[in-house]
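Only one structure is covered here, and it is reproduced in the block below.
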Amino acid sequence: MTEQEFINLYKHNLDKIFRFIYLRVDKVETAEDLTAQAFLKVWQRQIPVIASDEALPAGRQESPVISNPTAFIYRVARNQIIDFYRQKKKVPISLEELKEKGIDLPQKSFLSQIELSFEMENLKKALQRIKPAYSEVIIWHYVDDLSTKEISQILNKNENSVRVLLHRALETLKKELNKKV
Amino acid sequence: MTEKELLEQLNELKSIKPNEDWANWLLSNILTKSHQTVMIKPRVKLVSFSFLHQYQKALVSVALVVLFVSTFAFAQTALPGNPLYPIKTLTQNARIALAPKDYKPVIRMQIAKNRLEDMAKITDQEQVIALMSQNIQKDLQTIPQELKNISKKQVALQMSKQVQNEAKDLKNLSNNSLNKNINNLNQNIDEFQDKVFAFIFSTEEEINQCPTSLQDKLVNLQKYLTDNVQTLVQWPIDDITKVRTFLGDIENDLKAGNCLEAMAKIESINQILQIHSLDIKVETSTPEN
């Protein structure tokens with residue numbers, strides 16, 4: 001992945017990835033850290049980007065390539081969230097650990113705050129209460145506008161399964177919100 | 001809530017965006033990081049030994065302990081002149097320091113014997129031999145005093161006999177040594193054997209004549225304490241209490257017929273008096289006698 005390809009990927013996906021992570025965790029700071037780690041991983045892995053219809057160059061048949069950068073970054077972000085909750089059960093991520101992973105903490109504060117209305121906050125909490133697999137597909141499809149085809153690429157499932165999953169997820173979220181009301 | 005309302009609310013979540021300054025900072029920060037050369041590094045190494053990182057502190061501690069122990073183990077076979085020999089000497093001194101008070105003379109004697117054995121194996125280092133010989137002589141001077149400081153006469157007798165046996169071995173080693181510079185040492189060993197023999201003899205005599213010799217010691221002690229009341233006033237209260245307690249115990253031991261126990265307590269009082277440099281004139285058998 002060239003620097004320009006990465007910048008394009010970053011600019012095109014940062015908001016979505018941040019939002020996807022933010023809706024799955026409690027704090028803005030956590031969302032920022034996990035987003036940073038996700039993009040850093042993509043940059044450091046240096047996997048070449050190949051258009052899906054492009055033929056693989058000679059000698060690249062065995063090596064990993066990114067045919068769908070958006071799906072790839074979502075998969076990385078998803079793994080970051082899973083790792084985060086796994087780590088949280090043991091010990092919180094320390095500042096030193098972040099530094100070891102290559103994230104230099106900013107010297108100045110960015111005063112990152114996100115004001116959510118009461119309904120939005122309720123919705124976020126409800127998304128966190130339902131199964132992670134449900135909240136993921138809801139965010140991807142209804143918030144980030146990913147098509148069922150793109151979601152199927154992220155999850156390595158067929159489109160029909162994704163549609164069924166989406167239907168169940170939406171029903172579950174509706175019940176969860178009504179339960180609270 | 002209807003599905004339509006829910007979809008509208010979900011749509012509003014699109015307004016969530018990260019801080020723009022942070023986003024710019026993050027991009028520039030990431031781009032400064034060099035690409036990780038993942039394909040060059042063997043993957044198996046990353047997977048197999050990644051767990052070592054979390055045990056880093058424990059592993060370093062274990063490695064240090066292993067290094068420490070193995071250095072000490074190797075040092076035990078070192079000879080004078082070897083860089084590891086000072087460690088061996090250090091270990092020997094530690095053995096003496098850590099030994100129980102009553103066993104110190106025997107341990108010191110065994111170590112003196114070991115040092116003479118080491119000395120016998122080297123012939124070309126005169127300075128080292130002379131220094132070692134001096135150290136052994138110092139040990140031989142210390143041992144009789146240590147035997148004398150053993151409070152219980154029976155234990156002192158037992159230890160003295162063990163020292164006597166070790167001294168015989170020491171004498172044989174010294175006689176068989178090819179080193180020409182240990183004539184002084186030979187002479188010292190002879191004197192040492194005489195002192196130990198004299199101590200054994202006098203201790204046996206004291207044990208055999210316990211009630212009589214004990215009475216003599218008590219009379220002398222009483223006289224001394226009476227004559228030196230002014231000096232005793234300057235003692236710390238703890239030491240005076242100790243002496244009083246010992247005297248009370250001696251009385252009880254005599255009533256119970258435990259003569260040797262009472263004798264041991266007299267020796268303890270004697271040591272307290274020596275600490276205060278009063279040089280009590282209570283008759284005690286010493287190797288010098």
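Going by the structure tokens order, chains are called A, B, ..., each with residues numbered from 1, while ligands are numbered from 1 in the order shown.
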- Task: Pull out every residue of chain A that has at least one atom within 6 Å of chain B, counting only C-alpha atoms, and report them as a ChimeraX atom specification.
- Result: /A:15,40,44,112,143
Atoms to include: C-alpha atoms. Write the selected residues as a PDB file, in the first residue's frame.
```
ATOM      1  CA  ASP A  15     -15.401   8.699  10.219  1.00  0.00           C
ATOM      2  CA  LEU A  40      -1.691   1.888  12.298  1.00  0.00           C
ATOM      3  CA  GLN A  44       2.344  -1.225   9.146  1.00  0.00           C
ATOM      4  CA  SER A 112     -12.741  15.354  21.980  1.00  0.00           C
ATOM      5  CA  VAL A 143     -25.436   4.040   9.944  1.00  0.00           C
TER       6      VAL A 143
END
```
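Of note, CA of Lys4 in chain B and CA of Asn122 in chain A are spaced 16.7 Å apart.
CA of Gln222 in chain B to CA of Leu147 in chain B spans 25.2 Å [interatomic distance, one decimal].
Residues in contact with Asn188 in chain B at up to 9 Å, not including ones fewer than 6 positions away on its chain and judged by only C-alpha atoms, are Gln137, Leu140 and Gln141 of chain B.
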Create the file for the chosen residues now, containing N, CA and C atoms and written as a PDB file, in the first residue's frame.
```
ATOM      1  N   GLN B 137      46.847 -19.526  60.019  1.00  0.00           N
ATOM      2  CA  GLN B 137      47.371 -19.307  61.380  1.00  0.00           C
ATOM      3  C   GLN B 137      46.408 -18.463  62.214  1.00  0.00           C
ATOM      4  N   LEU B 140      43.717 -20.643  63.403  1.00  0.00           N
ATOM      5  CA  LEU B 140      44.176 -21.503  64.494  1.00  0.00           C
ATOM      6  C   LEU B 140      44.240 -20.732  65.820  1.00  0.00           C
ATOM      7  N   GLN B 141      44.446 -19.433  65.721  1.00  0.00           N
ATOM      8  CA  GLN B 141      44.461 -18.628  66.953  1.00  0.00           C
ATOM      9  C   GLN B 141      43.036 -18.361  67.452  1.00  0.00           C
TER      10      GLN B 141
END
```
